[in-house]
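query-v7.cif (mmCIF, C-alpha atoms) appears below.
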```cif
data_input
loop_
_atom_site.label_atom_id
_atom_site.label_comp_id
_atom_site.auth_asym_id
_atom_site.auth_seq_id
_atom_site.Cartn_x
_atom_site.Cartn_y
_atom_site.Cartn_z
CA MET B 1 77.40 96.27 110.03
CA LYS B 2 79.95 93.50 109.92
CA LYS B 3 78.52 89.99 109.69
CA ALA B 4 79.96 86.57 110.47
CA VAL B 5 78.77 82.96 110.67
CA ILE B 6 79.53 80.59 113.53
CA SER B 7 78.71 76.96 114.21
CA LEU B 8 77.28 76.68 117.72
CA SER B 9 76.88 73.20 119.17
CA GLY B 10 75.89 74.34 122.63
CA GLY B 11 79.17 72.96 123.95
CA LEU B 12 81.92 74.72 125.85
CA ASP B 13 84.20 75.34 122.85
CA SER B 14 81.74 77.04 120.53
CA ALA B 15 80.14 78.98 123.42
CA THR B 16 83.59 80.34 124.29
CA LEU B 17 84.24 81.18 120.64
CA MET B 18 80.94 83.05 120.38
CA ALA B 19 81.76 85.00 123.54
CA ARG B 20 85.19 85.90 122.12
CA ILE B 21 83.75 87.16 118.82
CA LEU B 22 81.03 89.21 120.54
CA ASN B 23 83.58 90.63 122.94
CA ASP B 24 85.96 91.60 120.11
CA VAL B 25 83.26 93.08 117.82
CA PRO B 26 80.18 93.82 119.96
CA SER B 27 78.24 95.31 117.00
CA ILE B 28 78.69 92.27 114.74
CA GLU B 29 75.63 90.59 113.24
CA LEU B 30 76.39 87.00 114.20
CA HIS B 31 74.65 84.24 112.25
CA ILE B 32 74.52 81.06 114.27
CA CYS B 33 74.31 77.68 112.57
CA ASN B 34 72.67 75.07 114.74
CA PHE B 35 73.12 71.71 113.04
CA PHE B 36 70.79 68.90 113.93
CA TYR B 37 72.24 65.65 112.60
CA GLY B 38 70.87 62.88 114.75
CA SER B 39 73.57 62.67 117.42
CA LYS B 40 72.66 61.26 120.81
CA GLN B 41 73.25 64.58 122.54
CA ASN B 42 71.50 66.73 119.88
CA LYS B 43 68.29 67.30 121.86
CA TYR B 44 70.22 68.48 124.94
CA GLU B 45 72.42 70.68 122.76
CA GLN B 46 69.26 72.36 121.48
CA ILE B 47 68.37 73.38 125.03
CA ALA B 48 71.88 74.74 125.56
CA ILE B 49 71.77 76.69 122.30
CA THR B 50 68.42 78.22 123.14
CA LYS B 51 69.74 79.41 126.51
CA LEU B 52 73.00 80.75 125.09
CA VAL B 53 71.28 82.60 122.24
CA LYS B 54 68.74 84.11 124.63
CA TYR B 55 71.53 85.21 126.98
CA TYR B 56 73.74 86.84 124.33
CA SER B 57 70.79 88.34 122.43
CA GLN B 58 70.27 90.72 125.32
CA ASN B 59 73.20 92.82 124.14
CA HIS B 60 73.99 91.57 120.64
CA LYS B 61 72.42 90.96 117.24
CA LEU B 62 72.21 87.19 116.72
CA VAL B 63 70.45 85.36 113.88
CA LEU B 64 69.78 81.65 114.42
CA HIS B 65 69.75 79.19 111.49
CA LYS B 66 68.43 75.76 112.45
CA ILE B 67 69.68 73.27 109.89
CA ASP B 68 68.35 69.75 109.85
CA LEU B 69 70.88 67.30 108.38
CA GLN B 70 69.25 64.09 109.56
CA ASN B 71 68.38 62.92 106.06
CA ILE B 72 72.03 63.31 105.06
CA PHE B 73 73.49 61.60 108.11
CA GLN B 74 71.15 58.65 107.71
CA HIS B 75 73.72 57.54 105.09
CA VAL B 76 76.54 57.80 107.64
CA SER B 77 77.61 55.56 110.51
CA SER B 78 79.06 56.58 113.89
CA ASP B 79 78.50 55.67 117.53
CA LEU B 80 77.88 59.34 118.21
CA LEU B 81 74.62 59.06 116.27
CA LEU B 82 71.35 57.70 117.63
CA SER B 83 71.64 55.01 114.93
CA GLY B 84 75.06 53.89 116.27
CA GLY B 85 76.29 51.79 119.23
CA GLU B 86 77.00 52.80 122.85
CA ILE B 87 79.09 55.88 123.58
CA PRO B 88 82.47 54.64 124.87
CA GLU B 89 83.73 55.76 128.28
CA GLY B 90 87.29 56.80 129.03
CA HIS B 91 89.76 59.50 128.14
CA TYR B 92 88.95 61.81 125.21
CA GLU B 93 92.19 60.92 123.41
CA ALA B 94 91.81 57.14 123.85
CA GLU B 95 91.60 55.03 120.68
CA ILE B 96 88.12 53.85 121.61
CA MET B 97 86.82 57.40 121.20
CA LYS B 98 87.41 57.00 117.44
CA LYS B 99 84.03 55.28 117.41
CA THR B 100 82.51 58.72 117.95
CA VAL B 101 83.98 60.17 114.76
CA VAL B 102 81.19 61.29 112.42
CA PRO B 103 82.65 60.99 108.91
CA GLY B 104 82.87 64.34 107.16
CA ARG B 105 80.97 66.28 109.80
CA ASN B 106 83.08 69.44 109.89
CA MET B 107 83.57 69.43 106.13
CA LEU B 108 79.80 69.42 105.72
CA PHE B 109 79.23 72.03 108.42
CA ILE B 110 81.73 74.50 107.00
CA SER B 111 80.41 73.94 103.47
CA ILE B 112 76.94 74.95 104.58
CA MET B 113 78.29 77.85 106.63
CA ALA B 114 80.18 79.13 103.59
CA SER B 115 77.03 78.96 101.44
CA ILE B 116 75.10 80.93 104.05
CA ALA B 117 77.94 83.44 104.47
CA GLU B 118 78.03 84.07 100.73
CA SER B 119 74.25 84.49 100.62
CA ILE B 120 74.10 87.02 103.47
CA GLY B 121 77.27 88.92 102.57
CA ALA B 122 79.50 87.76 105.44
CA TYR B 123 83.23 87.23 104.95
CA ASP B 124 84.17 85.08 107.93
CA ILE B 125 83.01 81.70 109.16
CA TYR B 126 84.12 80.44 112.57
CA ILE B 127 84.47 77.01 114.11
CA GLY B 128 85.60 76.21 117.64
CA VAL B 129 87.97 73.27 117.10
CA HIS B 130 90.90 73.08 119.53
CA SER B 131 94.04 71.01 120.00
CA GLY B 132 92.36 68.40 122.22
CA ASP B 133 90.29 67.36 119.19
CA HIS B 134 93.31 66.67 116.95
CA HIS B 135 94.17 63.18 118.07
CA ILE B 136 90.82 61.49 117.47
CA TYR B 137 89.04 63.70 114.94
CA PRO B 138 90.77 64.09 111.57
CA ASP B 139 88.44 66.94 110.64
CA CYS B 140 89.72 69.01 113.58
CA ARG B 141 93.45 68.78 112.74
CA PRO B 142 95.49 71.70 111.43
CA GLU B 143 96.16 70.01 108.06
CA PHE B 144 92.42 69.64 107.51
CA ILE B 145 91.61 73.17 108.65
CA ASN B 146 94.32 74.61 106.38
CA ALA B 147 93.08 72.65 103.37
CA ALA B 148 89.45 73.48 104.14
CA GLN B 149 90.39 77.15 104.40
CA GLN B 150 91.79 76.98 100.87
CA ALA B 151 88.80 75.06 99.56
CA ILE B 152 86.30 77.55 101.04
CA TRP B 153 88.39 80.47 99.76
CA TYR B 154 88.37 79.22 96.18
CA SER B 155 84.83 77.85 96.32
CA THR B 156 83.60 81.35 97.14
CA ASP B 157 85.72 83.14 94.51
CA GLN B 158 88.16 84.35 97.19
CA LYS B 159 85.55 86.01 99.37
CA ILE B 160 85.15 83.88 102.47
CA MET B 161 87.69 82.85 105.09
CA LEU B 162 87.34 79.94 107.48
CA ARG B 163 88.62 80.89 110.92
CA ALA B 164 89.51 78.53 113.73
CA PRO B 165 91.14 80.79 116.32
CA PHE B 166 91.34 78.05 118.98
CA LEU B 167 93.06 75.54 116.70
CA GLN B 168 96.26 75.49 118.76
CA LYS B 169 94.65 76.02 122.16
CA SER B 170 93.80 73.35 124.73
CA LYS B 171 90.42 72.88 126.36
CA ALA B 172 91.94 74.31 129.55
CA ASP B 173 93.00 77.44 127.59
CA LEU B 174 89.39 77.79 126.42
CA VAL B 175 88.04 77.58 129.95
CA ALA B 176 90.52 80.28 130.97
CA ILE B 177 89.41 82.54 128.10
CA GLY B 178 85.74 81.84 128.74
CA HIS B 179 86.10 82.45 132.46
CA SER B 180 87.62 85.88 131.82
CA LEU B 181 84.72 86.64 129.43
CA GLN B 182 82.15 85.39 131.95
CA VAL B 183 80.70 82.76 129.64
CA PRO B 184 77.63 81.23 131.33
CA TYR B 185 79.04 77.69 131.26
CA GLU B 186 76.08 76.49 133.31
CA TYR B 187 74.07 76.68 130.06
CA THR B 188 76.46 74.58 127.98
CA ARG B 189 76.20 70.89 127.09
CA THR B 190 79.23 68.66 126.55
CA CYS B 191 78.25 65.06 127.37
CA TYR B 192 77.94 62.70 124.39
CA LYS B 193 75.33 60.46 125.97
CA ASP B 194 71.59 60.41 125.43
CA GLN B 195 70.69 61.58 128.95
CA ALA B 196 69.79 64.96 130.42
CA ILE B 197 72.38 64.96 133.24
CA ALA B 198 76.01 64.77 132.09
CA CYS B 199 77.51 61.30 132.68
CA GLY B 200 80.98 62.48 133.73
CA LYS B 201 82.53 59.35 132.19
CA CYS B 202 82.49 59.70 128.40
CA GLY B 203 85.59 61.16 126.79
CA SER B 204 83.90 64.46 126.27
CA CYS B 205 82.87 64.85 129.95
CA VAL B 206 86.30 63.69 131.18
CA GLU B 207 88.10 66.28 129.04
CA ARG B 208 85.78 69.05 130.22
CA LEU B 209 86.15 68.22 133.91
CA GLU B 210 89.93 68.11 133.49
CA ALA B 211 89.92 71.54 131.82
CA PHE B 212 88.09 73.17 134.74
CA GLU B 213 90.31 71.41 137.24
CA LEU B 214 93.47 72.63 135.48
CA ASN B 215 92.15 76.18 135.93
CA GLY B 216 91.33 75.60 139.60
CA LEU B 217 87.66 76.17 138.76
CA LYS B 218 84.50 74.20 139.44
CA ASP B 219 82.41 73.19 136.45
CA PRO B 220 78.96 74.72 137.15
CA ILE B 221 76.93 71.98 135.42
CA GLU B 222 75.45 68.99 137.22
CA TYR B 223 77.01 65.51 136.85
CA GLU B 224 75.69 62.05 137.58
CA ASN B 225 76.91 60.84 141.02
CA MET E 1 84.36 44.46 94.89
CA LYS E 2 85.66 47.95 94.33
CA LYS E 3 83.27 50.75 95.22
CA ALA E 4 83.10 54.41 94.23
CA VAL E 5 80.74 57.36 94.65
CA ILE E 6 79.66 59.68 91.83
CA SER E 7 77.47 62.75 91.68
CA LEU E 8 74.99 62.32 88.83
CA SER E 9 72.97 65.37 87.81
CA GLY E 10 71.39 63.75 84.78
CA GLY E 11 73.36 66.12 82.55
CA LEU E 12 75.80 65.30 79.77
CA ASP E 13 78.98 65.69 81.83
CA SER E 14 78.14 63.37 84.72
CA ALA E 15 76.48 60.85 82.40
CA THR E 16 79.71 60.70 80.38
CA LEU E 17 81.73 60.35 83.57
CA MET E 18 79.56 57.48 84.76
CA ALA E 19 79.94 55.74 81.39
CA ARG E 20 83.73 56.17 81.57
CA ILE E 21 83.97 54.69 85.07
CA LEU E 22 81.73 51.74 84.21
CA ASN E 23 83.70 51.15 81.03
CA ASP E 24 87.04 51.24 82.88
CA VAL E 25 85.90 49.04 85.81
CA PRO E 26 82.76 47.15 84.74
CA SER E 27 82.53 45.25 88.05
CA ILE E 28 82.58 48.38 90.23
CA GLU E 29 79.78 48.99 92.75
CA LEU E 30 78.91 52.55 91.82
CA HIS E 31 77.04 54.65 94.38
CA ILE E 32 75.17 57.46 92.70
CA CYS E 33 74.37 60.66 94.58
CA ASN E 34 71.33 62.39 93.21
CA PHE E 35 71.11 65.80 94.89
CA PHE E 36 67.79 67.58 94.96
CA TYR E 37 68.37 71.19 95.94
CA GLY E 38 65.52 73.21 94.52
CA SER E 39 66.97 74.17 91.15
CA LYS E 40 64.59 74.99 88.31
CA GLN E 41 65.71 71.98 86.28
CA ASN E 42 65.75 69.52 89.21
CA LYS E 43 62.49 67.76 88.36
CA TYR E 44 63.63 67.16 84.75
CA GLU E 45 67.02 65.98 85.97
CA GLN E 46 65.22 63.38 88.09
CA ILE E 47 63.66 61.91 84.96
CA ALA E 48 67.04 61.82 83.25
CA ILE E 49 68.68 60.15 86.25
CA THR E 50 65.97 57.50 86.44
CA LYS E 51 66.48 56.66 82.77
CA LEU E 52 70.27 56.61 82.99
CA VAL E 53 70.30 54.44 86.10
CA LYS E 54 67.83 52.02 84.57
CA TYR E 55 69.91 51.82 81.39
CA TYR E 56 73.26 51.21 83.09
CA SER E 57 71.79 48.89 85.74
CA GLN E 58 71.24 46.32 83.03
CA ASN E 59 74.94 45.44 83.08
CA HIS E 60 76.31 47.07 86.21
CA LYS E 61 75.82 47.30 89.97
CA LEU E 62 74.47 50.78 90.75
CA VAL E 63 73.20 52.05 94.13
CA LEU E 64 71.15 55.25 94.05
CA HIS E 65 71.22 57.72 96.99
CA LYS E 66 68.56 60.42 96.70
CA ILE E 67 69.62 63.32 98.87
CA ASP E 68 67.25 66.18 99.54
CA LEU E 69 69.10 69.43 100.25
CA GLN E 70 66.18 71.80 99.86
CA ASN E 71 66.14 72.80 103.52
CA ILE E 72 69.81 73.76 103.27
CA PHE E 73 69.53 75.68 100.02
CA GLN E 74 66.57 77.67 101.32
CA HIS E 75 69.27 79.75 103.05
CA VAL E 76 71.05 80.32 99.72
CA SER E 77 70.29 82.65 96.81
CA SER E 78 70.85 81.98 93.08
CA ASP E 79 68.86 82.44 89.87
CA LEU E 80 69.37 78.75 89.20
CA LEU E 81 67.03 77.99 92.09
CA LEU E 82 63.23 78.05 91.94
CA SER E 83 63.43 80.81 94.56
CA GLY E 84 65.63 82.96 92.27
CA GLY E 85 65.04 85.20 89.20
CA GLU E 86 64.84 84.29 85.51
CA ILE E 87 67.51 82.09 83.94
CA PRO E 88 69.66 84.35 81.72
CA GLU E 89 70.05 83.55 78.02
CA GLY E 90 73.32 83.76 76.08
CA HIS E 91 76.72 82.14 75.99
CA TYR E 92 77.74 79.88 78.88
CA GLU E 93 80.85 81.93 79.61
CA ALA E 94 79.07 85.32 79.54
CA GLU E 95 79.16 87.39 82.75
CA ILE E 96 75.39 87.25 83.06
CA MET E 97 75.62 83.49 83.64
CA LYS E 98 77.20 84.28 87.02
CA LYS E 99 73.63 84.73 88.27
CA THR E 100 73.33 80.94 88.01
CA VAL E 101 76.15 80.27 90.47
CA VAL E 102 74.82 78.38 93.51
CA PRO E 103 77.13 79.38 96.37
CA GLY E 104 79.04 76.42 97.75
CA ARG E 105 77.20 73.79 95.75
CA ASN E 106 80.12 71.56 94.80
CA MET E 107 81.74 71.96 98.20
CA LEU E 108 78.56 70.69 99.79
CA PHE E 109 78.09 67.89 97.27
CA ILE E 110 81.60 66.52 97.67
CA SER E 111 81.38 66.80 101.46
CA ILE E 112 78.31 64.59 101.46
CA MET E 113 79.84 62.22 98.92
CA ALA E 114 82.93 61.85 101.11
CA SER E 115 80.78 61.04 104.17
CA ILE E 116 78.92 58.39 102.20
CA ALA E 117 82.15 57.00 100.74
CA GLU E 118 83.64 56.66 104.21
CA SER E 119 80.49 54.96 105.51
CA ILE E 120 80.31 52.39 102.69
CA GLY E 121 84.05 51.75 102.41
CA ALA E 122 84.71 53.44 99.06
CA TYR E 123 87.98 55.26 98.37
CA ASP E 124 87.10 57.41 95.37
CA ILE E 125 84.52 60.10 94.80
CA TYR E 126 83.97 61.46 91.29
CA ILE E 127 82.61 64.71 89.92
CA GLY E 128 82.20 65.65 86.26
CA VAL E 129 83.45 69.24 86.19
CA HIS E 130 85.18 70.30 82.96
CA SER E 131 87.08 73.31 81.63
CA GLY E 132 83.97 75.03 80.23
CA ASP E 133 82.78 75.49 83.81
CA HIS E 134 85.91 77.29 84.99
CA HIS E 135 85.10 80.82 83.87
CA ILE E 136 81.76 81.25 85.63
CA TYR E 137 81.77 78.72 88.45
CA PRO E 138 84.52 79.14 91.06
CA ASP E 139 83.74 75.72 92.52
CA CYS E 140 84.64 74.04 89.21
CA ARG E 141 88.11 75.60 88.82
CA PRO E 142 91.35 73.64 89.24
CA GLU E 143 92.43 75.66 92.29
CA PHE E 144 89.19 74.74 94.05
CA ILE E 145 89.33 71.09 93.02
CA ASN E 146 92.93 70.82 94.22
CA ALA E 147 92.13 72.40 97.58
CA ALA E 148 88.97 70.33 97.96
CA GLN E 149 90.98 67.19 97.19
CA GLN E 150 93.29 68.03 100.08
CA ALA E 151 90.40 68.88 102.41
CA ILE E 152 88.60 65.60 101.66
CA TRP E 153 91.85 63.68 102.02
CA TYR E 154 92.57 65.05 105.50
CA SER E 155 88.91 65.09 106.59
CA THR E 156 88.77 61.34 105.98
CA ASP E 157 92.09 60.56 107.66
CA GLN E 158 93.82 60.10 104.29
CA LYS E 159 91.38 57.53 102.97
CA ILE E 160 89.30 59.19 100.29
CA MET E 161 90.36 60.88 97.07
CA LEU E 162 88.26 63.35 95.10
CA ARG E 163 88.63 62.69 91.38
CA ALA E 164 87.69 65.06 88.57
CA PRO E 165 89.10 63.35 85.47
CA PHE E 166 87.46 65.83 83.04
CA LEU E 167 88.84 68.91 84.79
CA GLN E 168 90.98 69.96 81.82
CA LYS E 169 88.66 68.69 79.08
CA SER E 170 86.17 70.75 77.10
CA LYS E 171 82.49 69.94 76.68
CA ALA E 172 83.30 68.94 73.08
CA ASP E 173 85.93 66.49 74.40
CA LEU E 174 83.27 64.99 76.65
CA VAL E 175 80.86 64.50 73.76
CA ALA E 176 83.67 62.76 71.83
CA ILE E 177 84.38 60.44 74.76
CA GLY E 178 80.69 59.79 75.38
CA HIS E 179 80.05 59.13 71.70
CA SER E 180 82.77 56.48 71.63
CA LEU E 181 81.23 54.92 74.77
CA GLN E 182 77.73 55.04 73.27
CA VAL E 183 76.29 57.13 76.10
CA PRO E 184 72.52 57.41 75.58
CA TYR E 185 72.55 61.21 75.40
CA GLU E 186 68.87 61.19 74.48
CA TYR E 187 68.20 60.52 78.17
CA THR E 188 70.27 63.42 79.51
CA ARG E 189 69.02 66.84 80.65
CA THR E 190 71.10 70.00 80.31
CA CYS E 191 68.72 72.99 80.07
CA TYR E 192 68.60 75.29 83.14
CA LYS E 193 65.02 76.38 82.62
CA ASP E 194 61.87 75.16 84.33
CA GLN E 195 60.36 73.56 81.22
CA ALA E 196 60.25 69.99 79.92
CA ILE E 197 61.64 70.71 76.41
CA ALA E 198 65.15 72.23 76.36
CA CYS E 199 65.08 75.96 75.51
CA GLY E 200 68.22 75.99 73.35
CA LYS E 201 68.98 79.55 74.49
CA CYS E 202 70.29 79.42 78.06
CA GLY E 203 74.06 79.23 78.49
CA SER E 204 73.87 75.57 79.35
CA CYS E 205 71.91 74.64 76.17
CA VAL E 206 74.13 76.84 73.98
CA GLU E 207 77.30 75.17 75.26
CA ARG E 208 75.84 71.70 74.73
CA LEU E 209 74.69 72.39 71.17
CA GLU E 210 78.12 73.83 70.37
CA ALA E 211 79.83 70.70 71.77
CA PHE E 212 77.85 68.38 69.48
CA GLU E 213 78.40 70.66 66.48
CA LEU E 214 82.17 70.71 67.07
CA ASN E 215 82.09 66.90 66.86
CA GLY E 216 79.99 66.94 63.69
CA LEU E 217 77.21 65.19 65.63
CA LYS E 218 73.54 65.89 66.11
CA ASP E 219 72.29 66.30 69.68
CA PRO E 220 69.56 63.62 70.03
CA ILE E 221 67.38 65.59 72.48
CA GLU E 222 64.47 67.79 71.43
CA TYR E 223 64.74 71.59 71.49
CA GLU E 224 62.15 74.34 71.42
CA ASN E 225 61.75 75.70 67.84
#
```

Encoded form (structure tokens):
Amino acid sequence: MKKAVISLSGGLDSATLMARILNDVPSIELHICNFFYGSKQNKYEQIAITKLVKYYSQNHKLVLHKIDLQNIFQHVSSDLLLSGGEIPEGHYEAEIMKKTVVPGRNMLFISIMASIAESIGAYDIYIGVHSGDHHIYPDCRPEFINAAQQAIWYSTDQKIMLRAPFLQKSKADLVAIGHSLQVPYEYTRTCYKDQAIACGKCGSCVERLEAFELNGLKDPIEYEN
Amino acid sequence: MKKAVISLSGGLDSATLMARILNDVPSIELHICNFFYGSKQNKYEQIAITKLVKYYSQNHKLVLHKIDLQNIFQHVSSDLLLSGGEIPEGHYEAEIMKKTVVPGRNMLFISIMASIAESIGAYDIYIGVHSGDHHIYPDCRPEFINAAQQAIWYSTDQKIMLRAPFLQKSKADLVAIGHSLQVPYEYTRTCYKDQAIACGKCGSCVERLEAFELNGLKDPIEYEN
């Protein structure tokens, strides 16, 4: 059986990516990396991941890897982390959102995913970055993804390929894809803040709401106010 | 003050690299990453690192970061790890030494080093790979180092450069450099096996002994027999 590794944050992007992979290759053995790194939204993401994995396990073979990176990220500073300052509010592409960059996060995630892929005999690792991430997050831009693809390829003796199929798609494109695949978006978690109900004001919430609106759809999750 | 990050394993290569950096820029604030990942020789490497750091701290500013990666590498298989099979004996470049490859190790190490560098305001991260590593370890080859350099560069928004100044040098070259810099090689640990005294038979020991011999020098550490 074909195997692959995916990073699932519990957010809209990676949930849509998972749905796409399972739709394309229903018999795939999909290894899910759930990274816990001390972000403010991590505990709510865990709930989302649990629901999504339970939902898709009904018809697919999923293997969940919970990976605790807190002792690594204690060396790292970012407002996205519990150790950092307040989450800024505003548009996702605003300069102030740069305070939510977590240095080296994707590089670290894909490194671990590649190690796991090599150990279990998978050839593909997937991440759900999209074009809306490019402006603020350097580790979501095409030049990074291309270089990382090369690095993973050579690191694994030309066995493993990093795949980012949504790299040139917008968040609205993802909602359109996910809607057609009936992704249970009510289970997903996008808000950056340390609160159970989504704030609707941080860059991440604003971008998500916009993406549903552009598709003429209503976001099924609950928002503050 | 200029800062840099180095990965120190306690072995000959990284000890020589540290000596070179401290010799070139004596006032540097050198952040040392000591990765603990469940390898058979890890506990002996710790002793070596402690001695080396103590020695060089006499005249330099060193900051030690102990980073425990055991919960990540539990997902990974290799005979180098405590969880793996016996360490093979023979020449370092023999095919059988491939069983000591730890999938994705350097990729993971440099990812973490880059995150730390970005957090502390350093611009350079250093690893001590050399040409003797190329044959067996894909993550020590020039094509990997070049790609990883690009990935780190873009991941950090063009701030941080991966440096591998020994990439084209042999182990014998390193011993020559280290000898001229008076590296206390008696403190270093090279053997792959889970025993306090170096075995002298594993690929790593064989390569080290050869490197001293080629320089007409005696390796100051103790060997079995």

Best match for closeness to Ser119 in chain E among E:Arg20, E:Lys98, E:His91, E:His31, counting only C-alpha atoms
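Between E:Arg20, E:Lys98, E:His91, E:His31, the residue approaching Ser119 in chain E most closely is E:His31.
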
Give me, as a list of chain:residue names, the contact residues of chain E against chain B at a cut-off of 7 Å, counting all atoms listed in the file.
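The contacting residues on chain E are E:Ile67, E:Ile72, E:His75, E:Val76, E:Ser77, E:Pro103, E:Gly104, E:Met107, E:Leu108, E:Ser111, E:Ile112, E:Ala114, E:Ser115, E:Ile116, E:Glu118, E:Ser119, E:Pro138, E:Asp139, E:Glu143, E:Phe144, E:Ala147, E:Ala148, E:Gln150, E:Ala151, E:Tyr154, E:Ser155, E:Thr156, E:Asp157.
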
Near Ile47 in chain B, within 10 Å and counting only C-alpha atoms, which residues show up once chain neighbours fewer than 6 positions away are dropped, as a ChimeraX atom specification?
/B:10,187-189

Considering only C-alpha atoms, return as a list in words whatever protein or nucleic-acid residues lie within 10 Å of Ala196 in chain E, sequence-local ones (same chain, fewer than 5 positions apart) excluded.
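The filter keeps Gln41, Lys43, Tyr44, Glu45, Arg189, Cys191, Glu222, Tyr223 and Glu224 of chain E.
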
Would you write out those residues with C-alpha atoms, as a PDB file, keeping the file's coordinate frame?
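Output (result-v1.pdb):
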```pdb
ATOM      1  CA  GLN E  41      65.710  71.980  86.280  1.00  0.00           C
ATOM      2  CA  LYS E  43      62.490  67.760  88.360  1.00  0.00           C
ATOM      3  CA  TYR E  44      63.630  67.160  84.750  1.00  0.00           C
ATOM      4  CA  GLU E  45      67.020  65.980  85.970  1.00  0.00           C
ATOM      5  CA  ARG E 189      69.020  66.840  80.650  1.00  0.00           C
ATOM      6  CA  CYS E 191      68.720  72.990  80.070  1.00  0.00           C
ATOM      7  CA  GLU E 222      64.470  67.790  71.430  1.00  0.00           C
ATOM      8  CA  TYR E 223      64.740  71.590  71.490  1.00  0.00           C
ATOM      9  CA  GLU E 224      62.150  74.340  71.420  1.00  0.00           C
TER      10      GLU E 224
END
```

Polymer residues at most 9 Å from Val53 in chain B, all atoms listed in the file, same-chain spacing of 6 or more positions, as a ChimeraX atom specification
/B:32,62-64

Give me a file of those residues, with C-alpha atoms, as a JSON list (two decimals), in the frame of the given file.
```
[["chain", "number", "residue", "atom", "x", "y", "z"],
["B", 32, "ILE", "CA", 74.52, 81.06, 114.27],
["B", 62, "LEU", "CA", 72.21, 87.19, 116.72],
["B", 63, "VAL", "CA", 70.45, 85.36, 113.88],
["B", 64, "LEU", "CA", 69.78, 81.65, 114.42]]
```

I would like the residues chosen by the PyMOL selection byres ((chain E and resi 4) around 9) on the shown file; could you give them as an MDAnalysis selection string?
chainID E and resid 2:3 5:6 28:32 117 121:126

Please dump the current selection as a PDB file, keeping the file's coordinate frame; keep C-alpha atoms.
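The resulting file, out.pdb, is reproduced below:
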```pdb
ATOM      1  CA  LYS E   2      85.660  47.950  94.330  1.00  0.00           C
ATOM      2  CA  LYS E   3      83.270  50.750  95.220  1.00  0.00           C
ATOM      3  CA  VAL E   5      80.740  57.360  94.650  1.00  0.00           C
ATOM      4  CA  ILE E   6      79.660  59.680  91.830  1.00  0.00           C
ATOM      5  CA  ILE E  28      82.580  48.380  90.230  1.00  0.00           C
ATOM      6  CA  GLU E  29      79.780  48.990  92.750  1.00  0.00           C
ATOM      7  CA  LEU E  30      78.910  52.550  91.820  1.00  0.00           C
ATOM      8  CA  HIS E  31      77.040  54.650  94.380  1.00  0.00           C
ATOM      9  CA  ILE E  32      75.170  57.460  92.700  1.00  0.00           C
ATOM     10  CA  ALA E 117      82.150  57.000 100.740  1.00  0.00           C
ATOM     11  CA  GLY E 121      84.050  51.750 102.410  1.00  0.00           C
ATOM     12  CA  ALA E 122      84.710  53.440  99.060  1.00  0.00           C
ATOM     13  CA  TYR E 123      87.980  55.260  98.370  1.00  0.00           C
ATOM     14  CA  ASP E 124      87.100  57.410  95.370  1.00  0.00           C
ATOM     15  CA  ILE E 125      84.520  60.100  94.800  1.00  0.00           C
ATOM     16  CA  TYR E 126      83.970  61.460  91.290  1.00  0.00           C
TER      17      TYR E 126
END
```
